[in-house]
$ cat protein-v2.cif   # mmCIF, C-alpha atoms and all ligand atoms
data_structure
loop_
_atom_site.group_PDB
_atom_site.id
_atom_site.type_symbol
_atom_site.label_atom_id
_atom_site.label_comp_id
_atom_site.auth_asym_id
_atom_site.auth_seq_id
_atom_site.Cartn_x
_atom_site.Cartn_y
_atom_site.Cartn_z
ATOM 1 C CA MET A 1 109.957 -100.513 93.523
ATOM 2 C CA PRO A 2 112.789 -99.123 91.393
ATOM 3 C CA GLU A 3 115.868 -101.238 92.059
ATOM 4 C CA LEU A 4 119.575 -100.526 91.612
ATOM 5 C CA PRO A 5 119.609 -101.473 87.889
ATOM 6 C CA GLU A 6 116.768 -99.060 87.114
ATOM 7 C CA VAL A 7 118.485 -96.309 89.066
ATOM 8 C CA GLU A 8 121.768 -96.983 87.267
ATOM 9 C CA THR A 9 120.025 -96.979 83.870
ATOM 10 C CA THR A 10 118.269 -93.736 84.747
ATOM 11 C CA LYS A 11 121.591 -92.220 85.790
ATOM 12 C CA ARG A 12 123.278 -93.159 82.497
ATOM 13 C CA GLY A 13 120.412 -91.786 80.441
ATOM 14 C CA ILE A 14 120.248 -88.490 82.279
ATOM 15 C CA GLU A 15 124.015 -88.123 82.125
ATOM 16 C CA ARG A 16 123.889 -88.422 78.352
ATOM 17 C CA LEU A 17 121.221 -85.735 78.010
ATOM 18 C CA LEU A 18 121.741 -83.123 80.702
ATOM 19 C CA ILE A 19 125.435 -82.767 81.580
ATOM 20 C CA ASN A 20 126.672 -79.160 81.250
ATOM 21 C CA LYS A 21 123.123 -77.845 80.887
ATOM 22 C CA THR A 22 121.993 -74.982 83.092
ATOM 23 C CA VAL A 23 118.797 -74.784 85.136
ATOM 24 C CA GLU A 24 116.405 -72.030 84.114
ATOM 25 C CA HIS A 25 113.419 -72.770 86.220
ATOM 26 C CA THR A 26 112.069 -75.323 88.713
ATOM 27 C CA ILE A 27 108.422 -76.154 89.299
ATOM 28 C CA VAL A 28 107.343 -78.025 92.419
ATOM 29 C CA ARG A 29 103.690 -79.031 92.507
ATOM 30 C CA HIS A 30 103.912 -81.033 95.703
ATOM 31 C CA TYR A 31 106.349 -80.403 98.537
ATOM 32 C CA LYS A 32 105.399 -83.299 100.793
ATOM 33 C CA PHE A 33 107.531 -86.382 100.171
ATOM 34 C CA ARG A 34 109.306 -88.759 102.583
ATOM 35 C CA GLN A 35 110.937 -85.505 103.655
ATOM 36 C CA PRO A 36 109.535 -82.168 102.477
ATOM 37 C CA ILE A 37 111.287 -80.478 99.554
ATOM 38 C CA ALA A 38 112.945 -77.182 100.483
ATOM 39 C CA ARG A 39 110.572 -74.312 99.630
ATOM 40 C CA ASN A 40 113.440 -72.351 98.076
ATOM 41 C CA ILE A 41 114.669 -75.182 95.813
ATOM 42 C CA GLY A 42 113.800 -73.174 92.692
ATOM 43 C CA TYR A 43 115.846 -70.241 93.914
ATOM 44 C CA ILE A 44 118.760 -72.536 94.844
ATOM 45 C CA LEU A 45 118.921 -74.344 91.482
ATOM 46 C CA LYS A 46 118.419 -71.336 89.222
ATOM 47 C CA ASN A 47 121.391 -70.707 86.886
ATOM 48 C CA GLN A 48 123.348 -73.668 88.229
ATOM 49 C CA THR A 49 125.043 -76.009 85.761
ATOM 50 C CA LEU A 50 124.792 -79.771 86.093
ATOM 51 C CA LYS A 51 128.388 -81.013 86.276
ATOM 52 C CA THR A 52 128.024 -84.779 86.792
ATOM 53 C CA VAL A 53 125.435 -87.350 87.779
ATOM 54 C CA SER A 54 126.452 -90.204 90.045
ATOM 55 C CA ARG A 55 124.778 -92.954 92.017
ATOM 56 C CA ARG A 56 125.321 -94.303 95.523
ATOM 57 C CA ALA A 57 123.085 -97.232 96.495
ATOM 58 C CA LYS A 58 119.709 -96.201 95.084
ATOM 59 C CA TYR A 59 120.366 -92.470 95.475
ATOM 60 C CA LEU A 60 121.009 -90.336 92.420
ATOM 61 C CA LEU A 61 123.418 -87.467 92.990
ATOM 62 C CA PHE A 62 123.072 -84.478 90.692
ATOM 63 C CA ASN A 63 126.261 -82.546 91.182
ATOM 64 C CA PHE A 64 125.686 -78.867 90.402
ATOM 65 C CA THR A 65 128.050 -75.924 90.575
ATOM 66 C CA LYS A 66 127.212 -75.106 94.208
ATOM 67 C CA GLY A 67 126.139 -78.403 95.714
ATOM 68 C CA THR A 68 124.278 -81.664 95.139
ATOM 69 C CA LEU A 69 120.656 -82.514 94.561
ATOM 70 C CA ILE A 70 120.019 -85.987 96.028
ATOM 71 C CA ILE A 71 117.044 -87.846 94.556
ATOM 72 C CA HIS A 72 115.642 -91.189 95.695
ATOM 73 C CA LEU A 73 112.834 -92.755 93.687
ATOM 74 C CA GLY A 74 111.168 -94.280 96.745
ATOM 75 C CA MET A 75 108.503 -96.914 96.083
ATOM 76 C CA SER A 76 107.019 -95.653 92.861
ATOM 77 C CA GLY A 77 109.139 -92.805 91.535
ATOM 78 C CA SER A 78 110.577 -92.358 88.077
ATOM 79 C CA LEU A 79 112.618 -89.680 86.371
ATOM 80 C CA ARG A 80 112.468 -88.820 82.717
ATOM 81 C CA VAL A 81 113.924 -86.242 80.408
ATOM 82 C CA VAL A 82 111.331 -84.766 78.080
ATOM 83 C CA SER A 83 111.073 -81.726 75.857
ATOM 84 C CA LEU A 84 109.475 -78.649 77.338
ATOM 85 C CA ASN A 85 106.224 -79.099 75.438
ATOM 86 C CA THR A 86 105.516 -82.660 76.542
ATOM 87 C CA PRO A 87 102.191 -82.479 78.376
ATOM 88 C CA LYS A 88 102.549 -83.145 82.074
ATOM 89 C CA GLU A 89 100.928 -86.201 83.525
ATOM 90 C CA LYS A 90 99.339 -86.930 86.837
ATOM 91 C CA HIS A 91 101.921 -87.275 89.640
ATOM 92 C CA ASP A 92 104.603 -85.288 87.776
ATOM 93 C CA HIS A 93 105.390 -83.432 90.984
ATOM 94 C CA VAL A 94 108.762 -81.839 90.278
ATOM 95 C CA GLU A 95 110.070 -80.393 87.053
ATOM 96 C CA ILE A 96 113.499 -78.901 86.416
ATOM 97 C CA LEU A 97 113.747 -76.957 83.155
ATOM 98 C CA PHE A 98 117.154 -76.649 81.509
ATOM 99 C CA ASN A 99 118.428 -74.058 79.033
ATOM 100 C CA ASP A 100 118.203 -76.431 76.055
ATOM 101 C CA ASN A 101 114.424 -76.845 76.477
ATOM 102 C CA HIS A 102 114.853 -80.253 78.053
ATOM 103 C CA CYS A 103 113.152 -80.848 81.298
ATOM 104 C CA LEU A 104 113.768 -83.403 84.034
ATOM 105 C CA ARG A 105 110.481 -84.665 85.448
ATOM 106 C CA PHE A 106 110.052 -86.535 88.684
ATOM 107 C CA ARG A 107 106.884 -88.572 88.865
ATOM 108 C CA ASP A 108 106.012 -90.237 92.138
ATOM 109 C CA PRO A 109 102.412 -91.380 92.723
ATOM 110 C CA ARG A 110 103.043 -92.596 96.270
ATOM 111 C CA ARG A 111 105.419 -89.789 97.236
ATOM 112 C CA PHE A 112 107.872 -91.918 99.231
ATOM 113 C CA GLY A 113 110.689 -90.451 97.180
ATOM 114 C CA LEU A 114 113.158 -87.787 98.221
ATOM 115 C CA VAL A 115 114.481 -84.584 96.672
ATOM 116 C CA ILE A 116 117.104 -83.044 98.944
ATOM 117 C CA TRP A 117 119.647 -80.278 98.427
ATOM 118 C CA THR A 118 123.022 -80.330 100.165
ATOM 119 C CA LYS A 119 126.075 -78.102 99.907
ATOM 120 C CA LYS A 120 128.218 -80.595 101.811
ATOM 121 C CA ASN A 121 129.858 -83.820 100.623
ATOM 122 C CA PRO A 122 126.802 -85.938 99.699
ATOM 123 C CA PHE A 123 128.580 -89.173 100.650
ATOM 124 C CA GLU A 124 128.712 -87.910 104.241
ATOM 125 C CA HIS A 125 124.969 -87.220 104.280
ATOM 126 C CA LYS A 126 123.216 -89.193 107.010
ATOM 127 C CA LEU A 127 121.200 -91.107 104.405
ATOM 128 C CA LEU A 128 124.314 -92.340 102.628
ATOM 129 C CA LYS A 129 127.169 -92.567 105.057
ATOM 130 C CA ASN A 130 126.220 -95.979 106.532
ATOM 131 C CA CYS A 131 125.581 -97.711 103.222
ATOM 132 C CA GLY A 132 127.579 -100.889 102.601
ATOM 133 C CA PRO A 133 129.840 -101.318 99.555
ATOM 134 C CA GLU A 134 128.534 -101.072 96.003
ATOM 135 C CA PRO A 135 128.002 -104.585 94.611
ATOM 136 C CA LEU A 136 129.759 -103.828 91.318
ATOM 137 C CA THR A 137 133.023 -102.679 92.897
ATOM 138 C CA GLN A 138 136.097 -104.732 93.794
ATOM 139 C CA GLN A 139 135.472 -103.954 97.439
ATOM 140 C CA PHE A 140 132.491 -106.306 97.284
ATOM 141 C CA SER A 141 133.901 -109.834 97.089
ATOM 142 C CA GLY A 142 133.547 -113.328 98.514
ATOM 143 C CA LEU A 143 136.300 -112.530 100.975
ATOM 144 C CA TYR A 144 134.411 -109.458 102.171
ATOM 145 C CA LEU A 145 131.119 -111.375 102.566
ATOM 146 C CA HIS A 146 132.857 -114.191 104.422
ATOM 147 C CA ARG A 147 134.398 -111.710 106.858
ATOM 148 C CA VAL A 148 131.193 -109.780 107.626
ATOM 149 C CA ALA A 149 129.063 -112.939 107.903
ATOM 150 C CA LYS A 150 130.991 -114.239 110.917
ATOM 151 C CA ASN A 151 128.606 -114.668 113.871
ATOM 152 C CA ARG A 152 125.616 -113.726 111.693
ATOM 153 C CA THR A 153 122.917 -116.364 111.952
ATOM 154 C CA CYS A 154 120.165 -114.747 109.860
ATOM 155 C CA PRO A 155 119.210 -116.490 106.592
ATOM 156 C CA ILE A 156 121.695 -115.744 103.805
ATOM 157 C CA LYS A 157 118.970 -114.256 101.635
ATOM 158 C CA GLN A 158 118.060 -111.703 104.274
ATOM 159 C CA PHE A 159 121.746 -111.054 104.928
ATOM 160 C CA ILE A 160 122.615 -110.056 101.355
ATOM 161 C CA MET A 161 119.595 -107.744 101.294
ATOM 162 C CA LEU A 162 120.883 -105.706 104.264
ATOM 163 C CA ASN A 163 121.880 -102.230 103.136
ATOM 164 C CA ASN A 164 124.809 -102.000 105.524
ATOM 165 C CA ILE A 165 126.252 -105.288 104.152
ATOM 166 C CA VAL A 166 125.880 -104.493 100.456
ATOM 167 C CA VAL A 167 123.600 -101.983 98.739
ATOM 168 C CA GLY A 168 121.162 -102.621 95.937
ATOM 169 C CA VAL A 169 120.486 -106.368 96.203
ATOM 170 C CA GLY A 170 116.693 -106.251 96.059
ATOM 171 C CA ASN A 171 114.390 -109.229 96.508
ATOM 172 C CA ILE A 172 114.349 -110.383 92.877
ATOM 173 C CA TYR A 173 118.133 -110.169 92.551
ATOM 174 C CA ALA A 174 118.743 -111.962 95.875
ATOM 175 C CA ASN A 175 116.553 -114.877 94.721
ATOM 176 C CA GLU A 176 118.219 -115.055 91.326
ATOM 177 C CA ALA A 177 121.793 -114.789 92.639
ATOM 178 C CA LEU A 178 121.270 -117.542 95.243
ATOM 179 C CA PHE A 179 119.841 -119.855 92.583
ATOM 180 C CA SER A 180 122.745 -119.201 90.294
ATOM 181 C CA ALA A 181 125.221 -119.859 93.142
ATOM 182 C CA GLY A 182 123.387 -123.047 94.200
ATOM 183 C CA ILE A 183 122.879 -121.818 97.768
ATOM 184 C CA SER A 184 119.644 -122.329 99.708
ATOM 185 C CA PRO A 185 118.169 -118.982 100.841
ATOM 186 C CA ASN A 186 117.409 -120.396 104.313
ATOM 187 C CA ARG A 187 120.970 -121.176 105.354
ATOM 188 C CA PRO A 188 122.406 -119.126 108.208
ATOM 189 C CA ALA A 189 124.869 -116.569 106.810
ATOM 190 C CA ASN A 190 127.708 -117.856 109.017
ATOM 191 C CA SER A 191 127.337 -121.410 107.661
ATOM 192 C CA ILE A 192 128.389 -120.364 104.144
ATOM 193 C CA GLY A 193 131.977 -121.217 103.221
ATOM 194 C CA LEU A 194 134.463 -118.929 101.504
ATOM 195 C CA ASP A 195 134.167 -120.814 98.194
ATOM 196 C CA GLU A 196 130.410 -120.419 98.255
ATOM 197 C CA PHE A 197 130.699 -116.714 99.065
ATOM 198 C CA MET A 198 133.075 -116.282 96.119
ATOM 199 C CA LEU A 199 130.445 -117.850 93.890
ATOM 200 C CA LEU A 200 127.651 -115.786 95.467
ATOM 201 C CA SER A 201 129.445 -112.456 95.093
ATOM 202 C CA LYS A 202 130.093 -113.283 91.432
ATOM 203 C CA SER A 203 126.438 -114.268 90.916
ATOM 204 C CA ILE A 204 125.216 -111.010 92.473
ATOM 205 C CA LYS A 205 127.453 -109.008 90.132
ATOM 206 C CA THR A 206 126.353 -111.008 87.090
ATOM 207 C CA VAL A 207 122.642 -110.741 87.898
ATOM 208 C CA LEU A 208 122.877 -106.977 88.422
ATOM 209 C CA ARG A 209 124.997 -106.410 85.305
ATOM 210 C CA LYS A 210 122.512 -108.334 83.189
ATOM 211 C CA ALA A 211 119.644 -106.305 84.611
ATOM 212 C CA ILE A 212 121.441 -103.038 83.904
ATOM 213 C CA LYS A 213 122.100 -104.192 80.363
ATOM 214 C CA ALA A 214 118.432 -105.031 79.926
ATOM 215 C CA GLY A 215 117.538 -101.574 81.204
ATOM 216 C CA GLY A 216 116.389 -102.419 84.699
ATOM 217 C CA THR A 217 113.673 -104.862 85.755
ATOM 218 C CA THR A 218 110.503 -105.202 84.435
ATOM 219 C CA LEU A 219 107.984 -106.265 86.951
ATOM 220 C CA GLN A 220 107.094 -102.705 87.838
ATOM 221 C CA ASP A 221 105.996 -99.858 85.662
ATOM 222 C CA PHE A 222 109.502 -98.486 85.450
ATOM 223 C CA LYS A 223 110.074 -96.199 82.513
ATOM 224 C CA ASN A 224 113.439 -95.120 81.225
ATOM 225 C CA GLU A 225 114.614 -91.520 81.195
ATOM 226 C CA ARG A 226 112.998 -90.838 77.824
ATOM 227 C CA GLY A 227 109.659 -91.989 79.115
ATOM 228 C CA ASP A 228 109.530 -95.227 77.083
ATOM 229 C CA ALA A 229 108.024 -98.225 78.759
ATOM 230 C CA GLY A 230 109.556 -100.450 76.106
ATOM 231 C CA TYR A 231 111.690 -102.579 78.376
ATOM 232 C CA PHE A 232 111.390 -106.265 77.747
ATOM 233 C CA LYS A 233 110.975 -108.663 80.583
ATOM 234 C CA GLN A 234 114.215 -110.226 81.683
ATOM 235 C CA LYS A 235 114.300 -113.943 81.911
ATOM 236 C CA LEU A 236 114.087 -114.802 85.584
ATOM 237 C CA ALA A 237 115.285 -118.264 86.652
ATOM 238 C CA VAL A 238 113.400 -118.662 89.942
ATOM 239 C CA TYR A 239 111.657 -115.446 91.001
ATOM 240 C CA GLY A 240 107.889 -115.742 90.568
ATOM 241 C CA ARG A 241 108.158 -119.374 89.376
ATOM 242 C CA ALA A 242 106.532 -121.197 92.332
ATOM 243 C CA SER A 243 105.596 -124.799 91.389
ATOM 244 C CA LEU A 244 107.070 -124.442 87.896
ATOM 245 C CA PRO A 245 109.870 -126.812 86.838
ATOM 246 C CA CYS A 246 113.439 -125.743 87.643
ATOM 247 C CA TYR A 247 115.369 -124.866 84.479
ATOM 248 C CA ASN A 248 118.249 -127.103 85.645
ATOM 249 C CA CYS A 249 116.590 -130.239 87.043
ATOM 250 C CA ARG A 250 112.833 -129.937 86.287
ATOM 251 C CA GLN A 251 111.900 -130.304 89.973
ATOM 252 C CA ALA A 252 109.176 -127.847 91.104
ATOM 253 C CA ILE A 253 110.382 -124.494 92.474
ATOM 254 C CA THR A 254 109.510 -123.937 96.147
ATOM 255 C CA GLN A 255 108.131 -120.683 97.514
ATOM 256 C CA VAL A 256 108.692 -119.648 101.156
ATOM 257 C CA ARG A 257 108.638 -116.409 103.162
ATOM 258 C CA ILE A 258 111.994 -115.294 104.518
ATOM 259 C CA GLY A 259 112.028 -112.054 106.507
ATOM 260 C CA GLN A 260 108.559 -111.118 105.161
ATOM 261 C CA ARG A 261 109.736 -111.427 101.559
ATOM 262 C CA SER A 262 108.708 -113.965 98.911
ATOM 263 C CA SER A 263 111.529 -116.368 98.298
ATOM 264 C CA PHE A 264 111.787 -118.900 95.495
ATOM 265 C CA TYR A 265 114.324 -121.700 95.223
ATOM 266 C CA CYS A 266 114.984 -125.201 93.973
ATOM 267 C CA LYS A 267 115.415 -127.661 96.837
ATOM 268 C CA ASN A 268 117.364 -129.956 94.536
ATOM 269 C CA CYS A 269 119.829 -127.445 93.070
ATOM 270 C CA GLN A 270 120.272 -125.145 96.064
ATOM 271 C CA LYS A 271 121.916 -126.620 99.154
HETATM 272 ZN ZN ZN A 301 116.751 -127.556 90.220
#
$ encode --input "protein-v2.cif" --output "structure tokens" --more "lines below"
Ligand SMILES: [Zn+2]
Amino acid sequence: MPELPEVETTKRGIERLLINKTVEHTIVRHYKFRQPIARNIGYILKNQTLKTVSRRAKYLLFNFTKGTLIIHLGMSGSLRVVSLNTPKEKHDHVEILFNDNHCLRFRDPRRFGLVIWTKKNPFEHKLLKNCGPEPLTQQFSGLYLHRVAKNRTCPIKQFIMLNNIVVGVGNIYANEALFSAGISPNRPANSIGLDEFMLLSKSIKTVLRKAIKAGGTTLQDFKNERGDAGYFKQKLAVYGRASLPCYNCRQAITQVRIGQRSSFYCKNCQK
């Protein structure tokens, strides 16, 4: 599944290529996604100029002259910018052609993605308005986590993956951040002290920043906006390393299920 770093990398790439370009034509080959695409989307987008691209949680916001196109990559989606003549591939369901012969292609084999038009403030859209803070902002801090974790007894790993607590901490990043902060993923959220939360919030930021720098993760078939699959695998400290020696202490990494998700940790280093 595309995670926050992939979405952020996609956003930066698209921004570089398509800002101030004008839509000439839109092709939709499939309308049925998590929500159906508006039948008149081609009519709506025609002759509109792309002003900015932004991201909120894992939603990409394409801000045009008259409103915003909200795109979510769902389980298997990817966006790329290609030249007009690039042959289309299977599952390239939506194509927006710009006046410089570049075209934005949305590929989504499983069609859990979303392509939605809104004329209103996109941040007030029902999909976005209840999202927690962005992990890479000052608003997200140890102090914040400590405050919202009061009375919350669910495991800390599950807690930091809740969208209304903080957005964009997917399974891999939650595992990695907890390892780096030395916190066991099983501990109830309200048992974590302020000092530990300070460390954890820093670890989450660091893990995500590294992933963005590396161009997103790696485990999936994510491709960048140019369509290259050339992303190298990031070095993961615990995720996927069941029974392998911990990089700190050489003790075997433990794998457990927490809230239906695979969790990896070192019983020696994470308390
Ligand atoms: Zn260890």
$ residues_near_ligand --input "protein-v2.cif" --ligand "ligand ZN 301 (chain A)" --cutoff "7 Å" --atoms "only C-alpha atoms and all ligand atoms" --output "list in words"
Cys246, Tyr247, Asn248, Cys249, Arg250, Gln251, Cys266, Lys267, Asn268 and Cys269 of chain A
$ write_last_selection --input "protein-v2.cif" --atoms "C-alpha atoms" --output "short mmCIF file (atom, residue, chain, number, x, y, z; two decimals), in the frame of the given file"
data_model
loop_
_atom_site.label_atom_id
_atom_site.label_comp_id
_atom_site.auth_asym_id
_atom_site.auth_seq_id
_atom_site.Cartn_x
_atom_site.Cartn_y
_atom_site.Cartn_z
CA CYS A 246 113.44 -125.74 87.64
CA TYR A 247 115.37 -124.87 84.48
CA ASN A 248 118.25 -127.10 85.64
CA CYS A 249 116.59 -130.24 87.04
CA ARG A 250 112.83 -129.94 86.29
CA GLN A 251 111.90 -130.30 89.97
CA CYS A 266 114.98 -125.20 93.97
CA LYS A 267 115.42 -127.66 96.84
CA ASN A 268 117.36 -129.96 94.54
CA CYS A 269 119.83 -127.44 93.07
#
$ residues_near_point --input "protein-v2.cif" --point "(129.3, -102.6, 101.2)" --cutoff "12 Å" --atoms "only C-alpha atoms" --output "PyMOL selection string"
chain A and resi 56-57+128-142+144-145+147-148+159-169+201
$ write_last_selection --input "protein-v2.cif" --atoms "C-alpha atoms" --output "PDB file, keeping the file's coordinate frame"
ATOM      1  CA  ARG A  56     125.321 -94.303  95.523  1.00  0.00           C
ATOM      2  CA  ALA A  57     123.085 -97.232  96.495  1.00  0.00           C
ATOM      3  CA  LEU A 128     124.314 -92.340 102.628  1.00  0.00           C
ATOM      4  CA  LYS A 129     127.169 -92.567 105.057  1.00  0.00           C
ATOM      5  CA  ASN A 130     126.220 -95.979 106.532  1.00  0.00           C
ATOM      6  CA  CYS A 131     125.581 -97.711 103.222  1.00  0.00           C
ATOM      7  CA  GLY A 132     127.579-100.889 102.601  1.00  0.00           C
ATOM      8  CA  PRO A 133     129.840-101.318  99.555  1.00  0.00           C
ATOM      9  CA  GLU A 134     128.534-101.072  96.003  1.00  0.00           C
ATOM     10  CA  PRO A 135     128.002-104.585  94.611  1.00  0.00           C
ATOM     11  CA  LEU A 136     129.759-103.828  91.318  1.00  0.00           C
ATOM     12  CA  THR A 137     133.023-102.679  92.897  1.00  0.00           C
ATOM     13  CA  GLN A 138     136.097-104.732  93.794  1.00  0.00           C
ATOM     14  CA  GLN A 139     135.472-103.954  97.439  1.00  0.00           C
ATOM     15  CA  PHE A 140     132.491-106.306  97.284  1.00  0.00           C
ATOM     16  CA  SER A 141     133.901-109.834  97.089  1.00  0.00           C
ATOM     17  CA  GLY A 142     133.547-113.328  98.514  1.00  0.00           C
ATOM     18  CA  TYR A 144     134.411-109.458 102.171  1.00  0.00           C
ATOM     19  CA  LEU A 145     131.119-111.375 102.566  1.00  0.00           C
ATOM     20  CA  ARG A 147     134.398-111.710 106.858  1.00  0.00           C
ATOM     21  CA  VAL A 148     131.193-109.780 107.626  1.00  0.00           C
ATOM     22  CA  PHE A 159     121.746-111.054 104.928  1.00  0.00           C
ATOM     23  CA  ILE A 160     122.615-110.056 101.355  1.00  0.00           C
ATOM     24  CA  MET A 161     119.595-107.744 101.294  1.00  0.00           C
ATOM     25  CA  LEU A 162     120.883-105.706 104.264  1.00  0.00           C
ATOM     26  CA  ASN A 163     121.880-102.230 103.136  1.00  0.00           C
ATOM     27  CA  ASN A 164     124.809-102.000 105.524  1.00  0.00           C
ATOM     28  CA  ILE A 165     126.252-105.288 104.152  1.00  0.00           C
ATOM     29  CA  VAL A 166     125.880-104.493 100.456  1.00  0.00           C
ATOM     30  CA  VAL A 167     123.600-101.983  98.739  1.00  0.00           C
ATOM     31  CA  GLY A 168     121.162-102.621  95.937  1.00  0.00           C
ATOM     32  CA  VAL A 169     120.486-106.368  96.203  1.00  0.00           C
ATOM     33  CA  SER A 201     129.445-112.456  95.093  1.00  0.00           C
TER      34      SER A 201
END
$ residues_near_point --input "protein-v2.cif" --point "(110.1, -80.6, 90.6)" --cutoff "8 Å" --atoms "all atoms listed in the file" --output "list in words"
Thr26, Ile27, Val28, Arg29, Asp92, His93, Val94, Glu95, Ile96, Arg105 and Phe106 of chain A
$ closest_residue --input "protein-v2.cif" --among "A:Val7, A:Leu143, A:Leu61, A:Glu24" --to "Arg80 (chain A)" --atoms "all atoms listed in the file"
A:Val7
$ resolve_selection --input "protein-v2.cif" --expression "the PyMOL selection byres (((chain A and resi 236-242) around 7) and not hetatm)" --output "PyMOL selection string"
chain A and resi 172+175-176+234-235+243-244+247+253-255+264-265
$ atom_distance --input "protein-v2.cif" --atom1 "CA of Cys154 (chain A)" --atom2 "CA of Leu73 (chain A)"
28.3 Å
$ closest_residue --input "protein-v2.cif" --among "A:Pro87, A:Gly193, A:Pro185, A:Pro5" --to "Lys157 (chain A)" --atoms "all atoms listed in the file"
A:Pro185
$ closest_residue --input "protein-v2.cif" --among "A:His146, A:Arg209, A:Arg110, A:Lys58" --to "Glu3 (chain A)" --atoms "all atoms listed in the file"
A:Lys58
$ axis_aligned_box --input "protein-v2.cif" --around "region 29-47 of chain A" --padding-each-side "8 Å" --output "lines of an AutoDock Vina configuration file"
center_x = 112.5
center_y = -79.5
center_z = 95.3
size_x = 33.7
size_y = 34.5
size_z = 32.8
$ resolve_selection --input "protein-v2.cif" --expression "the PyMOL selection byres (((chain A and resi 184) around 6) and not hetatm)" --output "list in words"
Ile183, Pro185, Asn186, Arg187, Gln270 and Lys271 of chain A
$ atom_distance --input "protein-v2.cif" --atom1 "CA of His72 (chain A)" --atom2 "CA of Ser263 (chain A)"
25.6 Å
$ resolve_selection --input "protein-v2.cif" --expression "the PyMOL selection byres (((chain A and resi 35) around 9) and not hetatm)" --output "MDAnalysis selection string"
chainID A and resid 31:34 36:37 112:116
$ atom_distance --input "protein-v2.cif" --atom1 "CA of Thr49 (chain A)" --atom2 "CA of Asn20 (chain A)"
5.7 Å
